[in-house]
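**Q** Quick one, structure_0.tsv (TSV, C-alpha atoms and all ligand atoms):
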```
chain	number	residue	atom	x	y	z
A	1	MET	CA	158.30	80.98	-66.02
A	2	SER	CA	156.33	81.40	-62.80
A	3	THR	CA	153.30	82.68	-64.71
A	4	PHE	CA	152.82	79.21	-66.19
A	5	LEU	CA	153.61	77.16	-63.11
A	6	ASN	CA	150.84	76.55	-60.60
A	7	PRO	CA	152.21	74.80	-57.47
A	8	LYS	CA	148.81	75.12	-55.77
A	9	ARG	CA	147.40	72.83	-58.46
A	10	THR	CA	149.93	70.14	-57.45
A	11	VAL	CA	148.77	70.36	-53.85
A	12	ALA	CA	145.12	70.13	-55.00
A	13	GLU	CA	145.95	67.08	-57.14
A	14	LEU	CA	147.74	65.39	-54.24
A	15	LYS	CA	144.56	65.83	-52.21
A	16	GLU	CA	142.47	64.51	-55.09
A	17	LEU	CA	144.70	61.42	-55.26
A	18	ARG	CA	144.47	60.97	-51.50
A	19	ALA	CA	140.66	61.00	-51.69
A	20	LEU	CA	140.80	58.42	-54.50
A	21	THR	CA	143.35	55.95	-53.10
A	22	ASP	CA	143.52	56.32	-49.29
A	23	ASP	CA	141.36	54.68	-46.68
A	24	LYS	CA	141.28	55.41	-42.95
A	25	ASN	CA	144.67	53.69	-42.53
A	26	GLY	CA	146.49	55.69	-45.20
A	27	ALA	CA	147.54	55.28	-48.86
A	28	GLN	CA	146.80	51.89	-50.46
A	29	ARG	CA	148.53	52.27	-53.84
A	30	VAL	CA	150.50	49.02	-53.57
A	31	ALA	CA	152.09	48.15	-56.93
A	32	PHE	CA	150.25	45.77	-59.26
A	33	THR	CA	147.02	45.89	-57.22
A	34	PRO	CA	143.64	47.24	-58.44
A	35	VAL	CA	144.14	50.52	-56.51
A	36	TRP	CA	147.50	51.02	-58.27
A	37	VAL	CA	145.87	50.34	-61.65
A	38	LYS	CA	143.22	52.94	-60.79
A	39	THR	CA	145.99	55.38	-59.76
A	40	ARG	CA	147.71	54.94	-63.12
A	41	ALA	CA	144.44	55.56	-64.99
A	42	TRP	CA	143.97	58.77	-62.98
A	43	LEU	CA	147.54	59.87	-63.79
A	44	ARG	CA	146.95	59.20	-67.49
A	45	SER	CA	143.80	61.34	-67.37
A	46	LYS	CA	145.95	64.24	-66.14
A	47	LEU	CA	148.55	63.68	-68.86
A	48	GLU	CA	145.94	63.47	-71.63
A	49	ALA	CA	145.47	67.22	-71.54
A	50	LEU	CA	149.07	67.63	-72.76
A	51	PRO	CA	150.66	66.92	-76.16
A	52	VAL	CA	152.71	64.05	-74.72
A	53	GLU	CA	153.24	60.47	-75.86
A	54	THR	CA	152.55	58.05	-73.03
A	55	HIS	CA	153.36	54.35	-72.91
A	56	VAL	CA	154.22	51.61	-70.42
A	57	ASP	CA	157.56	49.83	-70.92
A	58	GLU	CA	158.38	46.12	-70.53
A	59	ALA	CA	158.95	46.51	-66.77
A	60	GLY	CA	155.69	48.33	-66.15
A	61	ASN	CA	157.22	51.82	-65.88
A	62	LEU	CA	155.01	54.56	-67.33
A	63	TRP	CA	156.77	57.09	-69.59
A	64	SER	CA	155.27	60.34	-70.81
A	65	THR	CA	157.32	62.23	-73.37
A	66	LEU	CA	157.16	65.88	-74.41
A	67	ARG	CA	159.33	66.07	-77.52
A	68	GLY	CA	161.77	68.95	-77.64
A	69	GLU	CA	164.10	70.53	-80.17
A	70	SER	CA	166.85	68.13	-79.14
A	71	GLU	CA	166.61	64.36	-78.79
A	72	LYS	CA	168.61	64.62	-75.59
A	73	CYS	CA	166.31	63.79	-72.70
A	74	LEU	CA	165.78	65.30	-69.32
A	75	LEU	CA	164.11	62.63	-67.18
A	76	ILE	CA	161.88	63.51	-64.23
A	77	GLY	CA	161.02	60.53	-62.04
A	78	GLY	CA	158.87	59.34	-59.18
A	79	HIS	CA	156.62	56.48	-58.15
A	80	MET	CA	152.86	56.36	-57.71
A	81	ASP	CA	153.00	53.14	-55.69
A	82	SER	CA	152.94	53.24	-51.89
A	83	VAL	CA	153.45	50.80	-49.05
A	84	PRO	CA	150.22	49.46	-47.51
A	85	ASN	CA	148.88	52.06	-45.05
A	86	GLY	CA	151.40	54.50	-46.48
A	87	GLY	CA	151.67	58.28	-46.54
A	88	TRP	CA	150.01	60.63	-49.02
A	89	LEU	CA	153.23	62.17	-50.44
A	90	ASP	CA	155.91	59.49	-50.77
A	91	GLY	CA	156.61	59.04	-54.47
A	92	CYS	CA	153.49	60.68	-55.92
A	93	LEU	CA	154.63	64.19	-54.98
A	94	ASN	CA	157.57	63.70	-57.37
A	95	VAL	CA	155.34	62.52	-60.22
A	96	LEU	CA	152.71	65.24	-59.79
A	97	ALA	CA	155.36	67.97	-59.55
A	98	GLY	CA	156.69	66.51	-62.82
A	99	VAL	CA	153.23	66.77	-64.42
A	100	GLU	CA	153.09	70.44	-63.42
A	101	ILE	CA	156.54	71.02	-64.94
A	102	LEU	CA	155.38	69.41	-68.20
A	103	ARG	CA	152.41	71.81	-68.22
A	104	ARG	CA	154.69	74.79	-67.65
A	105	LEU	CA	157.13	73.71	-70.37
A	106	ASN	CA	154.31	73.06	-72.81
A	107	ALA	CA	152.81	76.51	-72.22
A	108	GLN	CA	156.07	78.42	-72.20
A	109	TYR	CA	157.69	76.71	-75.19
A	110	HIS	CA	154.49	76.17	-77.22
A	111	GLY	CA	154.72	72.39	-77.02
A	112	LYS	CA	158.43	72.17	-77.89
A	113	PRO	CA	160.96	72.71	-75.09
A	114	PRO	CA	164.68	72.99	-75.93
A	115	VAL	CA	165.32	69.34	-74.98
A	116	THR	CA	162.99	66.36	-74.81
A	117	VAL	CA	161.46	65.99	-71.36
A	118	ARG	CA	160.22	62.61	-70.11
A	119	LEU	CA	158.26	61.92	-66.97
A	120	VAL	CA	158.64	58.39	-65.59
A	121	ASP	CA	156.44	56.71	-62.99
A	122	TRP	CA	158.60	53.78	-61.88
A	123	ALA	CA	156.81	50.49	-61.17
A	124	ASP	CA	156.98	49.05	-57.65
A	125	GLU	CA	159.56	51.33	-56.07
A	126	GLU	CA	158.48	50.24	-52.60
A	127	GLY	CA	158.74	46.48	-53.02
A	128	ALA	CA	156.02	46.20	-50.39
A	129	ARG	CA	154.45	43.02	-51.74
A	130	PHE	CA	157.50	41.00	-52.79
A	131	GLY	CA	160.12	42.51	-50.48
A	132	LYS	CA	162.24	43.80	-53.36
A	133	SER	CA	162.52	47.59	-53.73
A	134	LEU	CA	163.25	49.53	-56.93
A	135	PHE	CA	161.82	46.82	-59.20
A	136	GLY	CA	161.03	48.94	-62.28
A	137	SER	CA	164.09	51.16	-62.08
A	138	SER	CA	166.49	48.25	-61.45
A	139	ALA	CA	165.03	46.39	-64.45
A	140	CYS	CA	165.59	49.54	-66.51
A	141	SER	CA	169.14	50.08	-65.21
A	142	GLY	CA	169.98	46.41	-65.82
A	143	ASN	CA	170.83	45.74	-62.17
A	144	LEU	CA	167.81	43.54	-61.37
A	145	ASP	CA	168.90	40.04	-60.35
A	146	MET	CA	166.56	37.96	-62.55
A	147	ASN	CA	167.12	34.67	-60.71
A	148	GLU	CA	166.40	36.22	-57.34
A	149	ALA	CA	163.33	38.12	-58.64
A	150	ARG	CA	161.94	35.05	-60.44
A	151	GLY	CA	161.67	33.21	-57.11
A	152	LEU	CA	160.00	35.99	-55.09
A	153	VAL	CA	156.59	35.18	-53.61
A	154	ASP	CA	154.08	37.36	-51.76
A	155	LYS	CA	152.27	36.44	-48.53
A	156	GLN	CA	149.58	34.61	-50.50
A	157	GLY	CA	152.23	32.48	-52.20
A	158	ILE	CA	151.81	34.22	-55.56
A	159	LYS	CA	155.03	34.42	-57.55
A	160	LEU	CA	156.25	37.76	-58.86
A	161	PRO	CA	156.18	36.62	-62.53
A	162	ASP	CA	152.51	35.56	-62.08
A	163	ALA	CA	151.53	38.83	-60.40
A	164	LEU	CA	153.18	40.70	-63.27
A	165	LYS	CA	151.34	38.61	-65.86
A	166	ASN	CA	148.06	39.77	-64.31
A	167	VAL	CA	148.92	43.38	-65.15
A	168	GLY	CA	150.21	42.53	-68.64
A	169	ILE	CA	153.95	42.35	-67.90
A	170	ASP	CA	156.12	39.49	-69.21
A	171	PHE	CA	158.74	38.94	-66.49
A	172	GLU	CA	161.34	37.48	-68.85
A	173	ARG	CA	161.37	40.69	-70.88
A	174	VAL	CA	161.52	43.31	-68.10
A	175	LYS	CA	165.13	44.26	-68.81
A	176	ASP	CA	164.14	45.35	-72.33
A	177	SER	CA	162.99	48.53	-70.58
A	178	GLY	CA	166.68	49.54	-70.57
A	179	LYS	CA	166.19	50.98	-74.05
A	180	GLU	CA	164.20	53.82	-72.47
A	181	LEU	CA	167.49	55.28	-71.19
A	182	LYS	CA	168.72	55.90	-74.74
A	183	ASN	CA	169.34	59.67	-75.03
A	184	ALA	CA	168.85	60.11	-71.27
A	185	ALA	CA	171.18	62.97	-70.41
A	186	ALA	CA	170.02	63.92	-66.92
A	187	TYR	CA	167.66	62.61	-64.25
A	188	ILE	CA	166.07	64.67	-61.50
A	189	GLU	CA	163.80	63.49	-58.70
A	190	LEU	CA	161.98	65.32	-55.95
A	191	HIS	CA	161.11	63.46	-52.74
A	192	ILE	CA	159.99	64.03	-49.19
A	193	GLU	CA	163.02	63.68	-46.92
A	194	GLN	CA	161.47	60.90	-44.79
A	195	GLY	CA	163.82	61.87	-41.95
A	196	PRO	CA	164.19	64.78	-39.48
A	197	VAL	CA	167.31	66.58	-40.77
A	198	LEU	CA	165.60	69.49	-42.59
A	199	LEU	CA	162.97	69.70	-39.85
A	200	ASP	CA	165.67	70.08	-37.17
A	201	LEU	CA	167.42	72.76	-39.23
A	202	ASP	CA	164.08	74.49	-39.85
A	203	LEU	CA	164.72	74.48	-43.60
A	204	PRO	CA	162.11	73.59	-46.23
A	205	LEU	CA	164.41	72.16	-48.93
A	206	GLY	CA	167.69	70.31	-49.36
A	207	ALA	CA	170.00	69.23	-52.19
A	208	VAL	CA	170.79	65.52	-52.05
A	209	LEU	CA	174.41	64.44	-52.44
A	210	GLY	CA	173.69	60.80	-53.25
A	211	THR	CA	172.35	57.65	-51.69
A	212	PHE	CA	174.21	55.81	-48.97
A	213	GLY	CA	176.12	52.63	-49.61
A	214	VAL	CA	175.01	49.82	-47.32
A	215	GLU	CA	176.85	46.94	-45.59
A	216	ARG	CA	174.50	44.51	-43.89
A	217	HIS	CA	175.92	41.63	-41.84
A	218	ALA	CA	174.96	39.00	-39.26
A	219	ILE	CA	177.52	38.69	-36.45
A	220	THR	CA	177.41	35.58	-34.30
A	221	PHE	CA	179.28	35.19	-31.01
A	222	HIS	CA	179.82	31.58	-29.91
A	223	GLY	CA	180.28	30.93	-26.17
A	224	GLN	CA	179.24	28.16	-23.84
A	225	ALA	CA	175.92	27.46	-22.16
A	226	ALA	CA	176.31	27.06	-18.39
A	227	HIS	CA	174.09	27.04	-15.33
A	228	SER	CA	173.27	30.55	-14.15
A	229	GLY	CA	173.57	29.57	-10.52
A	230	SER	CA	176.60	27.33	-10.41
A	231	THR	CA	178.92	29.17	-12.83
A	232	PRO	CA	181.06	31.89	-11.19
A	233	MET	CA	181.24	35.14	-13.13
A	234	ASN	CA	184.94	34.72	-13.94
A	235	ARG	CA	184.42	31.26	-15.49
A	236	ARG	CA	181.79	32.20	-18.07
A	237	LYS	CA	182.03	32.19	-21.86
A	238	ASP	CA	179.12	34.59	-22.27
A	239	ALA	CA	178.27	35.19	-25.95
A	240	PHE	CA	175.77	37.89	-25.00
A	241	LEU	CA	178.33	39.96	-23.09
A	242	ALA	CA	180.59	40.16	-26.15
A	243	ALA	CA	177.66	41.02	-28.43
A	244	ALA	CA	176.33	43.65	-26.02
A	245	LYS	CA	179.68	45.50	-26.06
A	246	MET	CA	179.10	46.08	-29.79
A	247	SER	CA	176.17	48.37	-29.02
A	248	PRO	CA	178.01	51.40	-27.58
A	249	GLU	CA	180.92	50.67	-29.96
A	250	ILE	CA	178.87	51.21	-33.15
A	251	TYR	CA	177.84	54.67	-31.93
A	252	GLN	CA	181.54	55.58	-31.67
A	253	ILE	CA	182.28	54.05	-35.08
A	254	ALA	CA	179.45	56.09	-36.63
A	255	ALA	CA	180.62	59.27	-34.89
A	256	ARG	CA	184.21	58.80	-36.12
A	257	SER	CA	182.96	58.28	-39.71
A	258	GLY	CA	181.42	61.74	-40.01
A	259	ASN	CA	177.99	61.26	-41.54
A	260	GLY	CA	177.68	57.47	-41.36
A	261	VAL	CA	175.02	55.53	-39.50
A	262	CYS	CA	175.18	52.09	-37.84
A	263	THR	CA	172.30	50.03	-36.49
A	264	ILE	CA	172.09	46.76	-34.58
A	265	GLY	CA	168.58	45.82	-35.61
A	266	SER	CA	168.14	42.40	-34.10
A	267	CYS	CA	169.55	40.18	-31.38
A	268	THR	CA	168.74	36.52	-30.76
A	269	THR	CA	170.20	34.27	-28.09
A	270	LYS	CA	170.52	30.54	-27.60
A	271	PRO	CA	169.47	28.68	-25.57
A	272	GLY	CA	167.48	31.80	-24.69
A	273	ILE	CA	166.33	30.70	-21.26
A	274	VAL	CA	166.49	32.58	-18.00
A	275	THR	CA	168.68	30.02	-16.23
A	276	SER	CA	171.53	29.72	-18.73
A	277	VAL	CA	174.55	31.77	-19.75
A	278	VAL	CA	174.14	32.58	-23.47
A	279	GLU	CA	175.86	30.05	-25.70
A	280	GLU	CA	175.24	31.79	-28.98
A	281	CYS	CA	174.27	35.39	-29.70
A	282	ARG	CA	173.46	36.60	-33.22
A	283	ILE	CA	173.11	40.30	-33.94
A	284	THR	CA	172.60	42.08	-37.25
A	285	LEU	CA	174.54	45.17	-38.20
A	286	ASP	CA	173.48	47.68	-40.88
A	287	GLN	CA	176.08	50.34	-41.77
A	288	ARG	CA	175.55	53.17	-44.26
A	289	HIS	CA	177.77	55.91	-45.63
A	290	LEU	CA	177.94	58.07	-48.74
A	291	ASP	CA	181.71	57.60	-49.04
A	292	SER	CA	182.80	54.09	-50.00
A	293	LYS	CA	186.19	54.37	-48.23
A	294	LYS	CA	184.56	55.51	-45.01
A	295	LEU	CA	181.98	52.73	-45.32
A	296	ALA	CA	184.83	50.22	-45.65
A	297	THR	CA	186.52	51.75	-42.59
A	298	MET	CA	183.30	51.51	-40.55
A	299	LEU	CA	183.03	47.84	-41.48
A	300	ALA	CA	186.70	47.13	-40.67
A	301	GLU	CA	186.37	48.87	-37.30
A	302	ALA	CA	183.27	46.86	-36.42
A	303	LYS	CA	185.07	43.63	-37.34
A	304	ALA	CA	188.12	44.54	-35.25
A	305	ALA	CA	185.92	45.47	-32.30
A	306	SER	CA	183.98	42.20	-32.50
A	307	GLU	CA	187.25	40.23	-32.43
A	308	LYS	CA	188.53	42.24	-29.49
A	309	PHE	CA	185.33	41.68	-27.49
A	310	ALA	CA	185.32	37.99	-28.40
A	311	LYS	CA	188.89	37.61	-27.14
A	312	GLU	CA	188.15	39.52	-23.93
A	313	GLY	CA	185.20	37.23	-23.24
A	314	ASN	CA	186.91	34.00	-24.26
A	315	VAL	CA	184.33	33.40	-27.01
A	316	ARG	CA	184.52	33.09	-30.81
A	317	VAL	CA	182.97	35.38	-33.44
A	318	SER	CA	181.88	34.77	-37.05
A	319	TRP	CA	180.55	37.16	-39.71
A	320	GLU	CA	178.11	36.59	-42.56
A	321	ARG	CA	177.35	39.23	-45.20
A	322	LEU	CA	173.59	39.58	-45.75
A	323	TRP	CA	173.54	42.33	-48.38
A	324	GLN	CA	175.58	45.21	-49.70
A	325	ILE	CA	175.24	48.06	-52.16
A	326	ALA	CA	177.77	50.68	-53.17
A	327	PRO	CA	177.17	54.40	-52.46
A	328	ARG	CA	175.70	56.29	-55.42
A	329	PRO	CA	177.04	59.82	-55.36
A	330	PHE	CA	175.05	62.24	-57.53
A	331	ASN	CA	176.42	64.51	-60.26
A	332	ASP	CA	178.40	67.52	-58.94
A	333	ASP	CA	177.09	69.95	-61.58
A	334	LEU	CA	173.50	68.94	-60.93
A	335	ILE	CA	173.98	69.16	-57.15
A	336	ALA	CA	175.21	72.74	-57.68
A	337	LEU	CA	172.15	73.53	-59.86
A	338	CYS	CA	169.85	72.00	-57.25
A	339	ASP	CA	171.52	74.09	-54.56
A	340	GLU	CA	171.09	77.25	-56.68
A	341	SER	CA	167.40	76.50	-57.41
A	342	ILE	CA	166.68	76.11	-53.71
A	343	ARG	CA	168.55	79.27	-52.73
A	344	GLU	CA	166.66	81.28	-55.36
A	345	THR	CA	163.37	79.89	-54.06
A	346	CYS	CA	163.74	80.13	-50.29
A	347	GLY	CA	167.10	81.70	-49.52
A	348	LYS	CA	168.74	78.86	-47.65
A	349	VAL	CA	169.80	75.38	-48.56
A	350	HIS	CA	171.29	72.34	-46.86
A	351	ARG	CA	173.17	69.55	-48.62
A	352	LEU	CA	172.49	66.07	-47.25
A	353	PRO	CA	172.92	62.42	-48.19
A	354	SER	CA	169.93	60.11	-48.53
A	355	GLY	CA	169.74	57.20	-46.09
A	356	PRO	CA	166.90	55.45	-47.92
A	357	LEU	CA	167.47	54.16	-51.44
A	358	HIS	CA	165.51	55.74	-54.28
A	359	ASP	CA	164.95	55.02	-57.97
A	360	ALA	CA	167.47	57.82	-58.58
A	361	ALA	CA	170.19	55.47	-57.27
A	362	GLU	CA	169.43	53.02	-60.09
A	363	VAL	CA	169.45	55.74	-62.75
A	364	ALA	CA	172.75	57.07	-61.39
A	365	ALA	CA	174.16	53.52	-61.46
A	366	ALA	CA	173.21	53.32	-65.15
A	367	GLY	CA	175.53	56.28	-65.77
A	368	VAL	CA	172.96	59.06	-66.18
A	369	PRO	CA	173.90	62.33	-64.38
A	370	THR	CA	171.44	62.44	-61.49
A	371	VAL	CA	170.35	64.60	-58.59
A	372	MET	CA	167.51	64.65	-56.05
A	373	MET	CA	165.83	67.42	-54.10
A	374	PHE	CA	164.31	66.82	-50.66
A	375	VAL	CA	161.46	68.68	-49.01
A	376	GLN	CA	161.04	68.70	-45.25
A	377	SER	CA	158.95	65.93	-43.66
A	378	LEU	CA	156.90	66.88	-40.60
A	379	HIS	CA	157.56	64.51	-37.68
A	380	GLY	CA	160.50	63.21	-39.80
A	381	ILE	CA	158.27	60.22	-40.60
A	382	SER	CA	157.10	58.36	-43.71
A	383	HIS	CA	155.60	54.98	-44.64
A	384	ASN	CA	152.88	55.89	-42.19
A	385	LYS	CA	149.55	57.67	-42.53
A	386	ILE	CA	150.86	60.54	-40.35
A	387	GLU	CA	153.46	61.35	-43.05
A	388	ASP	CA	153.00	65.04	-43.86
A	389	THR	CA	154.64	68.20	-45.18
A	390	LYS	CA	153.46	71.80	-44.73
A	391	GLU	CA	151.43	73.00	-47.71
A	392	GLU	CA	153.63	76.07	-48.09
A	393	HIS	CA	156.66	73.76	-48.31
A	394	LEU	CA	154.92	71.61	-50.92
A	395	GLU	CA	154.37	74.72	-53.03
A	396	LEU	CA	157.98	75.82	-52.51
A	397	CYS	CA	159.32	72.44	-53.57
A	398	VAL	CA	157.35	72.48	-56.83
A	399	THR	CA	158.73	75.95	-57.59
A	400	ALA	CA	162.32	75.01	-56.75
A	401	PHE	CA	162.09	71.69	-58.59
A	402	ASP	CA	160.78	73.48	-61.67
A	403	LYS	CA	163.75	75.86	-61.53
A	404	LEU	CA	166.03	72.83	-61.34
A	405	ALA	CA	164.36	71.39	-64.46
A	406	GLU	CA	164.92	74.63	-66.36
A	407	LYS	CA	168.54	74.97	-65.22
A	408	THR	CA	169.21	71.34	-66.12
A	409	MET	CA	167.83	71.91	-69.63
A	410	THR	CA	170.18	74.87	-70.02
A	411	TRP	CA	173.05	72.71	-68.76
A	412	LEU	CA	172.16	70.03	-71.32
A	413	ARG	CA	172.01	72.53	-74.17
A	414	LYS	CA	175.56	73.60	-73.34
A	415	GLY	CA	176.60	70.23	-74.68
A	416	VAL	CA	177.09	67.75	-71.94
A	417	LYS	CA	177.75	64.32	-73.41
A	418	THR	CA	175.09	61.66	-72.96
A	419	ASN	CA	176.12	58.24	-71.74
A	501	ZN	ZN	159.51	57.06	-52.27
```
Would you mind writing the file's structure down as structure tokens?
Ligand SMILES: [Zn+2]

**A**
Amino acid sequence: MSTFLNPKRTVAELKELRALTDDKNGAQRVAFTPVWVKTRAWLRSKLEALPVETHVDEAGNLWSTLRGESEKCLLIGGHMDSVPNGGWLDGCLNVLAGVEILRRLNAQYHGKPPVTVRLVDWADEEGARFGKSLFGSSACSGNLDMNEARGLVDKQGIKLPDALKNVGIDFERVKDSGKELKNAAAYIELHIEQGPVLLDLDLPLGAVLGTFGVERHAITFHGQAAHSGSTPMNRRKDAFLAAAKMSPEIYQIAARSGNGVCTIGSCTTKPGIVTSVVEECRITLDQRHLDSKKLATMLAEAKAASEKFAKEGNVRVSWERLWQIAPRPFNDDLIALCDESIRETCGKVHRLPSGPLHDAAEVAAAGVPTVMMFVQSLHGISHNKIEDTKEEHLELCVTAFDKLAEKTMTWLRKGVKTN
């Protein structure tokens, strides 16, 4: 198959896209903007050279289908949209690797691969403008909360339904895109890691086990304001002291959980003046784990700790859930195939969970067997113009991802049931 695959062409096309859609601050392919529309037109020009059917669904997702001998579909996904001042690889690497795989399949199987292969460019994965990620894929999976999305506004005060109307999308019909998942039998997605794990292990590629579940809460400690000069230390009801004890505690909770992560991302105090003991301290806690039981344990431990610290400090504590999502473990067979594809390509593999959410999480939630492959990110950074990956690693990831596509087709032909 390698005679038909040209990973160097993917790297050249990524550079071509960068020249077309980046400015001095980075990628500007924000969904539903003129640059994004231009990006889509450019993508279509690449697909036109192939015998594929291309259309945009009700949610604005672009689908390009190479019909195969079976109606069963292998889906390959990514997103051309970026955050403002974003990196040159996030999302579009996946799509352009998919285009190269379509070319290889077309050449090798004379326009008719064993199963139908569909490339999808999800609309507005980043949620940069309206603050809601995974728009197109969550509409397709059926998980999009219509009432919440209907009320979203951007910084200019433009409502999401109006912004969609400008690019020809009827908001009230976006969930009709769910019909695209008919016959979907497997979903694979390549992505830059966006973190430092593969970099620290000095490995180019990793097989992704799933996306983390998330528990996001606000924790408020209620004490008593008192004069900072006249109140002896042993008489204080210091809300900040109790909250501050949570900081080292969450590191221990995360360590006990295995691979979980915990973050206190904000802290506000009232009255918030230099001459008063803190009356009220509100912190936010974000906890993530791939295992739902361990995630529940991390949350329970944080709650117990907050109550203990509140009692010690003679203050009160209250919790408010801000957001939550369940972990989305990927398909075991596909993880094994991903692992195998990477080992055949570069000898060594590492299995890792994904901290960030991806469109793959929505497809997995819809019941389609799913896996992702990660390629090393230099600096362990994304959503920034310095986001980068070594060119040799970009070429390796296209090769390994193509192997995964071929192995997945073989797996599908062996008769795995569709959902
Ligand atoms: Zn992405």

**Q** So that all listed atoms of stretch 312-317 of chain A fit with 3 Å spare on each side, what axis-aligned box centre and edge lengths in Å, to one decimal, would you give as AutoDock Vina command-line options?

**A**
```
--center_x 185.6 --center_y 36.3 --center_z -28.3 --size_x 11.2 --size_y 12.4 --size_z 16.2
```

**Q** Distance limit 7 Å, reference ligand ZN 501 (chain A), atoms considered: all atoms listed in the file. Which residues make the cut? Give them as a list in words.

**A**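 Selection of residues at most 7 Å from ligand ZN 501 (chain A): His79, Asp90, Gly91, Glu125, Glu126, His191 and His358 of chain A.
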
**Q** Each residue of stretch 175-239 of chain A lying at most 12 Å from stretch 273-294 of chain A should get a row with its shortest atom-to-atom pair and the distance in Å to one decimal, counting all atoms listed in the file; could you produce that, ordered by chain and increasing number, as CSV?

**A**
```
residue,atom,partner,partner_atom,distance
A:Val208,CA,A:Leu290,CA,10.8
A:Leu209,CA,A:Leu290,CA,8.2
A:Gly210,CA,A:Leu290,CA,6.8
A:Thr211,CA,A:Leu290,CA,6.3
A:Phe212,CA,A:Leu290,CA,4.4
A:Gly213,CA,A:Arg288,CA,5.4
A:Val214,CA,A:Arg288,CA,4.6
A:Glu215,CA,A:Gln287,CA,5.2
A:Arg216,CA,A:Asp286,CA,4.5
A:His217,CA,A:Leu285,CA,5.3
A:Ala218,CA,A:Thr284,CA,4.4
A:Ile219,CA,A:Ile283,CA,5.3
A:Thr220,CA,A:Arg282,CA,4.2
A:Phe221,CA,A:Cys281,CA,5.2
A:His222,CA,A:Glu280,CA,4.7
A:Gly223,CA,A:Glu279,CA,4.5
A:Gln224,CA,A:Glu279,CA,4.3
A:Ala225,CA,A:Glu279,CA,4.4
A:Ala226,CA,A:Val277,CA,5.2
A:His227,CA,A:Ser276,CA,5.0
A:Ser228,CA,A:Ser276,CA,5.0
A:Gly229,CA,A:Thr275,CA,7.5
A:Ser230,CA,A:Ser276,CA,10.0
A:Thr231,CA,A:Val277,CA,8.6
A:Pro232,CA,A:Val277,CA,10.8
A:Met233,CA,A:Val277,CA,10.0
A:Arg235,CA,A:Val277,CA,10.8
A:Arg236,CA,A:Val277,CA,7.4
A:Lys237,CA,A:Glu279,CA,7.6
A:Asp238,CA,A:Val278,CA,5.5
A:Ala239,CA,A:Glu280,CA,5.5
```

**Q** List the neighbours of A:Ala59 out to 9 Å using all atoms listed in the file; skip same-chain residues closer than 5 positions along the sequence, and give me the result as a PyMOL selection string.

**A** chain A and resi 122-123+135-137+139-140+164+169-171+173-177

**Q** Enumerate, as an NGL selection string, the protein, DNA and RNA residues whose atoms approach (149.8, 48.4, -56.5) to within 12 Å, taking into account all atoms listed in the file and the coordinate frame of the file.

**A** :A and (21 or 27-40 or 60 or 79-84 or 86 or 122-130 or 163-164 or 166-167)

**Q** Would you save the residues of that selection, restricted to C-alpha atoms, as a short mmCIF file (atom, residue, chain, number, x, y, z; two decimals), in the frame of the given file?

**A**
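This is the output file selection-v6.cif:
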```cif
data_model
loop_
_atom_site.label_atom_id
_atom_site.label_comp_id
_atom_site.auth_asym_id
_atom_site.auth_seq_id
_atom_site.Cartn_x
_atom_site.Cartn_y
_atom_site.Cartn_z
CA THR A 21 143.35 55.95 -53.10
CA ALA A 27 147.54 55.28 -48.86
CA GLN A 28 146.80 51.89 -50.46
CA ARG A 29 148.53 52.27 -53.84
CA VAL A 30 150.50 49.02 -53.57
CA ALA A 31 152.09 48.15 -56.93
CA PHE A 32 150.25 45.77 -59.26
CA THR A 33 147.02 45.89 -57.22
CA PRO A 34 143.64 47.24 -58.44
CA VAL A 35 144.14 50.52 -56.51
CA TRP A 36 147.50 51.02 -58.27
CA VAL A 37 145.87 50.34 -61.65
CA LYS A 38 143.22 52.94 -60.79
CA THR A 39 145.99 55.38 -59.76
CA ARG A 40 147.71 54.94 -63.12
CA GLY A 60 155.69 48.33 -66.15
CA HIS A 79 156.62 56.48 -58.15
CA MET A 80 152.86 56.36 -57.71
CA ASP A 81 153.00 53.14 -55.69
CA SER A 82 152.94 53.24 -51.89
CA VAL A 83 153.45 50.80 -49.05
CA PRO A 84 150.22 49.46 -47.51
CA GLY A 86 151.40 54.50 -46.48
CA TRP A 122 158.60 53.78 -61.88
CA ALA A 123 156.81 50.49 -61.17
CA ASP A 124 156.98 49.05 -57.65
CA GLU A 125 159.56 51.33 -56.07
CA GLU A 126 158.48 50.24 -52.60
CA GLY A 127 158.74 46.48 -53.02
CA ALA A 128 156.02 46.20 -50.39
CA ARG A 129 154.45 43.02 -51.74
CA PHE A 130 157.50 41.00 -52.79
CA ALA A 163 151.53 38.83 -60.40
CA LEU A 164 153.18 40.70 -63.27
CA ASN A 166 148.06 39.77 -64.31
CA VAL A 167 148.92 43.38 -65.15
#
```

**Q** Considering all atoms listed in the file, return as a ChimeraX atom specification whatever protein or nucleic-acid residues lie within 12 Å of A:Gly77, sequence-local ones (same chain, fewer than 3 positions apart) excluded.

**A** /A:61-64,74,80,91-99,101,117-123,125,136-137,186-191,358-363,370-373,401,405

**Q** For atom CA of A:Lys385 and atom CA of A:Ile158, quote the distance in Å rounded to one decimal.

**A**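 Answer for the atom CA of A:Lys385 to atom CA of A:Ile158 separation: 26.9 Å.
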
**Q** For A:Leu241, which residue among A:Pro51, A:Pro356, A:Gly313, A:Pro327 is the nearest when counting only C-alpha atoms?

**A**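 Between A:Pro51, A:Pro356, A:Gly313, A:Pro327, the residue approaching A:Leu241 most closely is A:Gly313.
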
**Q** Give as a list in words the set of residues within 10 Å of the point (154.9, 58.3, -41.6), where distances use the file's coordinates and all atoms listed in the file.

**A**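 These residues have at least one counted atom within 10 Å: Gly26, Asn85, Gly86, Gly87, Trp88, Leu89, Asp90, Gln194, Gly195, Ser377, Leu378, His379, Gly380, Ile381, Ser382, His383, Asn384, Lys385, Ile386, Glu387 and Asp388 of chain A.
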